[in-house]
Amino acid sequence: MESSKIRGLVAATVTPMKENGEINLSVIGKYVDYLLNVQGVRIVFVNGTTAEGLSLTTEERKQLAEEWVKQAVGKLDQVIVHVGSLCLKEAQELAAHAAEIKAGAISVVAPSFLKPPNKDALISFLREVAAAAPSVPFYYYHIPKLTGITTIRMEDLLVGIKSKIPTFQGVKFSDTDLLDFGQCVHKYESEKFTFLYGVDEQLLGALAMGAHGAIGSTYNYIGKTTNDMLAAFKSKDFEKARKIQCLMQEFFSYVISHGFMVGETKAIMSVASNIPMGPPRLPLQETSNEYLTQIIVLMKSLGLL
Ligand SMILES: CC(=O)N[C@H](C=O)[C@@H](O)[C@H](O)[C@H](O)CO
Ligand SMILES: CC(=O)C(=O)O
């Protein structure tokens, strides 16, 4: 598949599972069609947070990456495979595998149990992983709230990064710090890096700061509405863009205060797409029917389903 620059929306996919907890590769073809035809989403991020990537075995991750790439051919623009791991060797193995199956890009989150003590240690880790896929564009996955690595700012990480990681292409920026985000876009404009924003509830703010696109769990099922917002922003109809963002925020505000994790994402996506995504894997929990019903009622009342 062509590895071109990423623009627009990227769905952070869920990993379909059977009721018995096994991964379910058989529905990925339908999943691709749904994203493309119903949501207008043409790029996927596989084996990331929403996909429970770090809760899967290496073998499962390889099977999933292969199936996504296979099903995407002739349909999607690109498949980004997340290959991060607590274990450097495993991340390298996954990166090499992603290159072998011709994934469009790879992405890596910082190891978060034994954490990199500083920025240089993090870069050394990333460089070793990226080197295992020397011709595949590389995106750093910044999600400090989940990794617990909260002192390394992206603006600093990017200084001279191309000389250390030749395949470096951009950042998936999943944090609310729009100061850091804005400075990344501003300072590295000439490098032609790509900055993809990952906090769906405030994407419009990041667009104003120059985001090139967005990766998120909710683009699985409100991709179409978000695409309407992107179109309004592009045509400088900021009033309309804000209306759409605020409408989506009514949904976000409700679910975030009542509990919003992969169990909810899988359940909402199953209802929206009519494709059974199954339960999440432990330690995550399945959502209750009662709560799911409330979410669906709200989404319908907002016109999001
Ligand atoms: C922590 C997490 O899963 N973040 C996702 C991606 O970065 C987002 O898509 C959120 O699910 C979304 O912004 C809702 O908070
Ligand atoms: C949300 C996101 O980008 C992920 O699931 O990895």
# chains A, B, ... in the order shown; residues from 1 in each chain; ligands from 1

$ residues_around --residues "stretch 153-169 of chain A" --least-positions-apart "4" --cutoff "6 Å" --atoms "only C-alpha atoms" --output "list in words"
Arg127, Pro137, Phe138, Tyr139, Asp180, Cys184 and Phe193 of chain A

$ write_last_selection --atoms "C-alpha atoms" --output "PDB file, in the first residue's frame"
ATOM      1  CA  ARG A 127      15.192   4.731  17.222  1.00  0.00           C
ATOM      2  CA  PRO A 137       7.075   6.117   8.065  1.00  0.00           C
ATOM      3  CA  PHE A 138       7.207   6.383  11.840  1.00  0.00           C
ATOM      4  CA  TYR A 139       4.803   8.222  14.154  1.00  0.00           C
ATOM      5  CA  ASP A 180       2.827  22.016  23.340  1.00  0.00           C
ATOM      6  CA  CYS A 184       5.082  21.467  17.521  1.00  0.00           C
ATOM      7  CA  PHE A 193       5.959  16.570   9.876  1.00  0.00           C
TER       8      PHE A 193
END

$ select_by_dssp --residues "stretch 49-292 of chain A" --states "helix (DSSP H, G or I)" --output "number ranges by chain"
A: 53-55, 58-72, 88-100, 119-130, 144-147, 154-157, 161-164, 178-187, 189-191, 200-208, 217-220, 223-234, 238-258, 262-273, 289-292

$ residues_near_ligand --ligand "ligand 1" --cutoff "9 Å" --atoms "only C-alpha atoms and all ligand atoms" --output "PyMOL selection string"
chain A and resi 11-12+48-50+141-143+145-146+172-175+197-203+214-219+252+255-256+260-262+265

$ select_by_dssp --residues "stretch 157-266 of chain A" --states "strand (DSSP E or B)" --output "ChimeraX atom specification"
/A:168-173,194-197,213-216

$ closest_atom_pairs --of "stretch 13-67 of chain A" --to "stretch 222-238 of chain A" --cutoff "9 Å" --atoms "only C-alpha atoms" --output "tab-separated table"
residue	atom	partner	partner_atom	distance
A:Leu35	CA	A:Gly223	CA	8.0
A:Val38	CA	A:Lys224	CA	7.3
A:Gln39	CA	A:Lys224	CA	4.5
A:Gly40	CA	A:Lys224	CA	6.0
A:Val41	CA	A:Gly223	CA	6.4

$ write_last_selection --atoms "N, CA and C atoms" --output "compact mmCIF listing (two decimals), in the first residue's frame"
# COMPACT_ATOMS: atom_id res chain seq x y z
N LEU A 35 -16.54 1.57 7.69
CA LEU A 35 -15.79 2.83 7.90
C LEU A 35 -15.79 3.66 6.61
N VAL A 38 -19.97 4.19 5.30
CA VAL A 38 -20.92 4.89 6.20
C VAL A 38 -20.26 6.10 6.86
N GLN A 39 -19.01 5.96 7.28
CA GLN A 39 -18.36 7.05 8.02
C GLN A 39 -17.45 7.92 7.16
N GLY A 40 -17.13 7.47 5.97
CA GLY A 40 -16.22 8.26 5.13
C GLY A 40 -14.82 8.34 5.72
N VAL A 41 -14.42 7.28 6.44
CA VAL A 41 -13.08 7.23 7.05
C VAL A 41 -12.22 6.27 6.22

$ residues_around --residues "stretch 128-135 of chain A" --least-positions-apart "6" --cutoff "10 Å" --atoms "only C-alpha atoms" --output "list in words"
Ser3, Val83, Gly84, Ser85, Leu88, Lys89, Glu90, Ala91, Gln92, Glu93, Leu94, Ala95, Ala96, His97, Ala98, Ala99, Glu100, Lys102, Gly104, Ala105, Ile106, Ser107, Val108, Lys164, Ile165, Pro166, Thr167 and Phe168 of chain A

$ write_last_selection --atoms "N, CA and C atoms" --output "PDB file, in the first residue's frame"
ATOM      1  N   SER A   3       2.500   4.594   0.995  1.00  0.00           N
ATOM      2  CA  SER A   3       2.577   5.298   2.269  1.00  0.00           C
ATOM      3  C   SER A   3       2.657   6.787   1.972  1.00  0.00           C
ATOM      4  N   VAL A  83       3.018  -0.620  16.944  1.00  0.00           N
ATOM      5  CA  VAL A  83       3.918  -1.732  17.259  1.00  0.00           C
ATOM      6  C   VAL A  83       4.605  -1.555  18.614  1.00  0.00           C
ATOM      7  N   GLY A  84       4.154  -0.596  19.382  1.00  0.00           N
ATOM      8  CA  GLY A  84       4.762  -0.344  20.683  1.00  0.00           C
ATOM      9  C   GLY A  84       4.571  -1.507  21.638  1.00  0.00           C
ATOM     10  N   SER A  85       5.483  -1.627  22.586  1.00  0.00           N
ATOM     11  CA  SER A  85       5.444  -2.718  23.562  1.00  0.00           C
ATOM     12  C   SER A  85       6.307  -2.317  24.757  1.00  0.00           C
ATOM     13  N   LEU A  88      11.384  -4.046  24.078  1.00  0.00           N
ATOM     14  CA  LEU A  88      12.015  -3.543  22.849  1.00  0.00           C
ATOM     15  C   LEU A  88      12.044  -4.604  21.750  1.00  0.00           C
ATOM     16  N   LYS A  89      12.442  -5.819  22.104  1.00  0.00           N
ATOM     17  CA  LYS A  89      12.572  -6.899  21.108  1.00  0.00           C
ATOM     18  C   LYS A  89      11.240  -7.178  20.435  1.00  0.00           C
ATOM     19  N   GLU A  90      10.210  -7.173  21.250  1.00  0.00           N
ATOM     20  CA  GLU A  90       8.884  -7.466  20.715  1.00  0.00           C
ATOM     21  C   GLU A  90       8.436  -6.332  19.778  1.00  0.00           C
ATOM     22  N   ALA A  91       8.714  -5.088  20.176  1.00  0.00           N
ATOM     23  CA  ALA A  91       8.356  -3.943  19.334  1.00  0.00           C
ATOM     24  C   ALA A  91       9.108  -4.017  18.007  1.00  0.00           C
ATOM     25  N   GLN A  92      10.377  -4.427  18.059  1.00  0.00           N
ATOM     26  CA  GLN A  92      11.167  -4.556  16.821  1.00  0.00           C
ATOM     27  C   GLN A  92      10.608  -5.668  15.928  1.00  0.00           C
ATOM     28  N   GLU A  93      10.227  -6.748  16.558  1.00  0.00           N
ATOM     29  CA  GLU A  93       9.659  -7.867  15.791  1.00  0.00           C
ATOM     30  C   GLU A  93       8.372  -7.416  15.097  1.00  0.00           C
ATOM     31  N   LEU A  94       7.562  -6.663  15.807  1.00  0.00           N
ATOM     32  CA  LEU A  94       6.298  -6.187  15.225  1.00  0.00           C
ATOM     33  C   LEU A  94       6.550  -5.143  14.137  1.00  0.00           C
ATOM     34  N   ALA A  95       7.564  -4.316  14.330  1.00  0.00           N
ATOM     35  CA  ALA A  95       7.893  -3.302  13.320  1.00  0.00           C
ATOM     36  C   ALA A  95       8.362  -3.983  12.033  1.00  0.00           C
ATOM     37  N   ALA A  96       9.234  -4.987  12.186  1.00  0.00           N
ATOM     38  CA  ALA A  96       9.729  -5.723  11.015  1.00  0.00           C
ATOM     39  C   ALA A  96       8.564  -6.412  10.306  1.00  0.00           C
ATOM     40  N   HIS A  97       7.660  -6.949  11.095  1.00  0.00           N
ATOM     41  CA  HIS A  97       6.493  -7.615  10.512  1.00  0.00           C
ATOM     42  C   HIS A  97       5.611  -6.623   9.754  1.00  0.00           C
ATOM     43  N   ALA A  98       5.409  -5.443  10.337  1.00  0.00           N
ATOM     44  CA  ALA A  98       4.594  -4.410   9.670  1.00  0.00           C
ATOM     45  C   ALA A  98       5.216  -4.034   8.325  1.00  0.00           C
ATOM     46  N   ALA A  99       6.552  -3.957   8.297  1.00  0.00           N
ATOM     47  CA  ALA A  99       7.237  -3.638   7.039  1.00  0.00           C
ATOM     48  C   ALA A  99       7.021  -4.752   6.018  1.00  0.00           C
ATOM     49  N   GLU A 100       7.123  -5.968   6.498  1.00  0.00           N
ATOM     50  CA  GLU A 100       6.971  -7.149   5.632  1.00  0.00           C
ATOM     51  C   GLU A 100       5.586  -7.200   4.979  1.00  0.00           C
ATOM     52  N   LYS A 102       3.742  -4.714   4.396  1.00  0.00           N
ATOM     53  CA  LYS A 102       3.541  -3.450   3.686  1.00  0.00           C
ATOM     54  C   LYS A 102       2.486  -2.540   4.330  1.00  0.00           C
ATOM     55  N   GLY A 104       1.231   0.924   5.877  1.00  0.00           N
ATOM     56  CA  GLY A 104       1.556   2.263   5.403  1.00  0.00           C
ATOM     57  C   GLY A 104       2.454   3.036   6.348  1.00  0.00           C
ATOM     58  N   ALA A 105       2.331   2.736   7.638  1.00  0.00           N
ATOM     59  CA  ALA A 105       3.107   3.455   8.648  1.00  0.00           C
ATOM     60  C   ALA A 105       3.107   2.627   9.925  1.00  0.00           C
ATOM     61  N   ILE A 106       4.081   2.938  10.796  1.00  0.00           N
ATOM     62  CA  ILE A 106       4.045   2.335  12.134  1.00  0.00           C
ATOM     63  C   ILE A 106       4.015   3.457  13.176  1.00  0.00           C
ATOM     64  N   SER A 107       3.544   3.093  14.350  1.00  0.00           N
ATOM     65  CA  SER A 107       3.490   4.047  15.439  1.00  0.00           C
ATOM     66  C   SER A 107       3.915   3.335  16.711  1.00  0.00           C
ATOM     67  N   VAL A 108       4.518   4.082  17.632  1.00  0.00           N
ATOM     68  CA  VAL A 108       5.047   3.479  18.860  1.00  0.00           C
ATOM     69  C   VAL A 108       4.739   4.363  20.063  1.00  0.00           C
ATOM     70  N   LYS A 164      18.084  11.496  14.135  1.00  0.00           N
ATOM     71  CA  LYS A 164      18.177  10.291  14.964  1.00  0.00           C
ATOM     72  C   LYS A 164      17.266   9.185  14.437  1.00  0.00           C
ATOM     73  N   ILE A 165      16.102   9.590  13.944  1.00  0.00           N
ATOM     74  CA  ILE A 165      15.147   8.617  13.405  1.00  0.00           C
ATOM     75  C   ILE A 165      14.796   9.066  11.983  1.00  0.00           C
ATOM     76  N   PRO A 166      15.522   8.557  10.989  1.00  0.00           N
ATOM     77  CA  PRO A 166      15.335   9.050   9.616  1.00  0.00           C
ATOM     78  C   PRO A 166      13.909   8.851   9.076  1.00  0.00           C
ATOM     79  N   THR A 167      13.204   7.850   9.586  1.00  0.00           N
ATOM     80  CA  THR A 167      11.837   7.592   9.090  1.00  0.00           C
ATOM     81  C   THR A 167      10.781   8.411   9.840  1.00  0.00           C
ATOM     82  N   PHE A 168      11.218   9.270  10.769  1.00  0.00           N
ATOM     83  CA  PHE A 168      10.254  10.016  11.579  1.00  0.00           C
ATOM     84  C   PHE A 168       9.330  10.861  10.701  1.00  0.00           C
TER      85      PHE A 168
END

$ residues_around --residues "A:Leu302" --least-positions-apart "2" --cutoff "9 Å" --atoms "only C-alpha atoms" --output "PyMOL selection string"
chain A and resi 247-248+250-251+297-300+304-305

$ closest_residue --among "A:Leu36, A:Val81, A:Leu114, A:Ile28" --to "ligand 2" --atoms "only C-alpha atoms and all ligand atoms"
A:Val81

$ residues_around --residues "A:Arg61" --least-positions-apart "4" --cutoff "9 Å" --atoms "only C-alpha atoms" --output "list in words"
Val46, Asn47, Gly53, Leu56, Thr57, Ala65, Glu66, Val83 and Leu94 of chain A

$ write_last_selection --atoms "N, CA and C atoms" --output "JSON list (two decimals), in the first residue's frame"
[["chain", "number", "residue", "atom", "x", "y", "z"],
["A", 46, "VAL", "N", -4.33, 0.54, 13.82],
["A", 46, "VAL", "CA", -4.59, -0.83, 14.27],
["A", 46, "VAL", "C", -3.69, -1.17, 15.47],
["A", 47, "ASN", "N", -4.24, -1.94, 16.40],
["A", 47, "ASN", "CA", -3.47, -2.44, 17.57],
["A", 47, "ASN", "C", -3.01, -1.34, 18.52],
["A", 53, "GLY", "N", -4.19, -3.11, 22.07],
["A", 53, "GLY", "CA", -2.96, -3.65, 21.49],
["A", 53, "GLY", "C", -1.99, -4.23, 22.51],
["A", 56, "LEU", "N", -2.84, -7.77, 23.85],
["A", 56, "LEU", "CA", -2.88, -8.87, 22.88],
["A", 56, "LEU", "C", -1.52, -9.57, 22.84],
["A", 57, "THR", "N", -1.52, -10.81, 22.40],
["A", 57, "THR", "CA", -0.24, -11.50, 22.22],
["A", 57, "THR", "C", 0.41, -10.99, 20.93],
["A", 65, "ALA", "N", -2.85, -7.26, 12.17],
["A", 65, "ALA", "CA", -2.23, -6.33, 11.22],
["A", 65, "ALA", "C", -2.35, -6.89, 9.81],
["A", 66, "GLU", "N", -2.09, -8.18, 9.65],
["A", 66, "GLU", "CA", -2.17, -8.80, 8.32],
["A", 66, "GLU", "C", -3.58, -8.72, 7.75],
["A", 83, "VAL", "N", 3.02, -0.62, 16.94],
["A", 83, "VAL", "CA", 3.92, -1.73, 17.26],
["A", 83, "VAL", "C", 4.61, -1.55, 18.61],
["A", 94, "LEU", "N", 7.56, -6.66, 15.81],
["A", 94, "LEU", "CA", 6.30, -6.19, 15.23],
["A", 94, "LEU", "C", 6.55, -5.14, 14.14]]

$ closest_residue --among "A:Val32, A:Gln245, A:Ala206, A:Ala51" --to "A:Met17" --atoms "only C-alpha atoms"
A:Ala51

$ residues_around --residues "A:Pro280" --least-positions-apart "6" --cutoff "8 Å" --atoms "only C-alpha atoms" --output "list in words"
Met17, Gly21, Glu52, Val262, Gly263, Lys266 and Glu286 of chain A

$ write_last_selection --atoms "C-alpha atoms" --output "mmCIF file, in the first residue's frame"
data_model
loop_
_atom_site.group_PDB
_atom_site.id
_atom_site.type_symbol
_atom_site.label_atom_id
_atom_site.label_comp_id
_atom_site.auth_asym_id
_atom_site.auth_seq_id
_atom_site.Cartn_x
_atom_site.Cartn_y
_atom_site.Cartn_z
ATOM 1 C CA MET A 17 -13.478 -10.437 19.751
ATOM 2 C CA GLY A 21 -12.371 -13.865 24.280
ATOM 3 C CA GLU A 52 -6.266 -3.202 23.307
ATOM 4 C CA VAL A 262 -12.989 0.319 25.398
ATOM 5 C CA GLY A 263 -16.019 -1.661 26.646
ATOM 6 C CA LYS A 266 -16.986 -1.698 21.419
ATOM 7 C CA GLU A 286 -17.953 -5.011 29.369
#

$ decode --residues "stretch 179-261 of chain A" --atoms "C-alpha atoms" --output "short mmCIF file (atom, residue, chain, number, x, y, z; two decimals), in the first residue's frame"
data_model
loop_
_atom_site.label_atom_id
_atom_site.label_comp_id
_atom_site.auth_asym_id
_atom_site.auth_seq_id
_atom_site.Cartn_x
_atom_site.Cartn_y
_atom_site.Cartn_z
CA LEU A 179 0.49 24.93 23.98
CA ASP A 180 2.83 22.02 23.34
CA PHE A 181 0.77 20.97 20.31
CA GLY A 182 0.72 24.44 18.78
CA GLN A 183 4.47 24.83 19.19
CA CYS A 184 5.08 21.47 17.52
CA VAL A 185 3.07 22.52 14.47
CA HIS A 186 4.63 25.96 14.40
CA LYS A 187 8.29 25.06 14.99
CA TYR A 188 8.42 22.01 12.76
CA GLU A 189 6.44 23.34 9.81
CA SER A 190 9.53 23.35 7.56
CA GLU A 191 10.23 19.69 8.40
CA LYS A 192 6.88 18.75 6.91
CA PHE A 193 5.96 16.57 9.88
CA THR A 194 2.36 15.47 10.34
CA PHE A 195 0.54 16.21 13.59
CA LEU A 196 -2.51 14.13 14.29
CA TYR A 197 -4.67 15.10 17.23
CA GLY A 198 -6.08 12.46 19.56
CA VAL A 199 -8.50 14.10 21.97
CA ASP A 200 -11.72 13.84 20.00
CA GLU A 201 -13.80 16.05 22.28
CA GLN A 202 -11.72 19.13 21.42
CA LEU A 203 -10.49 18.47 17.92
CA LEU A 204 -11.71 21.87 16.75
CA GLY A 205 -9.28 23.56 19.14
CA ALA A 206 -6.43 21.53 17.67
CA LEU A 207 -7.56 22.35 14.12
CA ALA A 208 -7.26 26.00 15.03
CA MET A 209 -3.66 25.26 16.14
CA GLY A 210 -2.90 23.61 12.81
CA ALA A 211 -3.62 19.88 13.22
CA HIS A 212 -3.27 17.99 9.94
CA GLY A 213 -5.69 15.29 10.96
CA ALA A 214 -6.98 13.29 13.90
CA ILE A 215 -6.83 9.76 15.26
CA GLY A 216 -9.51 8.67 17.65
CA SER A 217 -11.82 5.97 18.89
CA THR A 218 -14.99 7.90 18.13
CA TYR A 219 -14.27 8.26 14.41
CA ASN A 220 -15.39 4.64 14.22
CA TYR A 221 -18.99 5.74 14.64
CA ILE A 222 -19.16 9.56 14.48
CA GLY A 223 -16.63 9.88 11.69
CA LYS A 224 -19.24 11.24 9.34
CA THR A 225 -20.29 14.02 11.72
CA THR A 226 -16.64 14.82 12.42
CA ASN A 227 -15.98 14.94 8.68
CA ASP A 228 -18.79 17.52 8.44
CA MET A 229 -16.93 19.56 11.06
CA LEU A 230 -13.65 19.27 9.15
CA ALA A 231 -15.39 20.43 5.97
CA ALA A 232 -16.94 23.41 7.76
CA PHE A 233 -13.56 24.35 9.21
CA LYS A 234 -11.89 24.05 5.83
CA SER A 235 -14.45 26.35 4.22
CA LYS A 236 -13.99 28.79 7.13
CA ASP A 237 -17.54 28.35 8.42
CA PHE A 238 -16.36 28.44 12.04
CA GLU A 239 -19.85 28.96 13.43
CA LYS A 240 -20.98 25.71 11.87
CA ALA A 241 -17.80 23.87 12.91
CA ARG A 242 -18.31 24.99 16.51
CA LYS A 243 -21.97 23.91 16.46
CA ILE A 244 -20.97 20.44 15.36
CA GLN A 245 -18.15 20.17 17.93
CA CYS A 246 -20.44 21.35 20.73
CA LEU A 247 -23.13 18.87 19.71
CA MET A 248 -20.60 16.04 19.84
CA GLN A 249 -19.40 17.39 23.18
CA GLU A 250 -22.86 16.76 24.64
CA PHE A 251 -22.21 13.08 23.98
CA PHE A 252 -18.61 13.26 25.28
CA SER A 253 -19.56 15.12 28.40
CA TYR A 254 -22.14 12.48 29.32
CA VAL A 255 -20.03 9.40 28.62
CA ILE A 256 -16.81 10.75 30.07
CA SER A 257 -18.51 11.53 33.38
CA HIS A 258 -20.30 8.15 33.48
CA GLY A 259 -17.38 5.98 32.34
CA PHE A 260 -15.94 5.73 28.85
CA MET A 261 -13.48 2.96 28.06
#
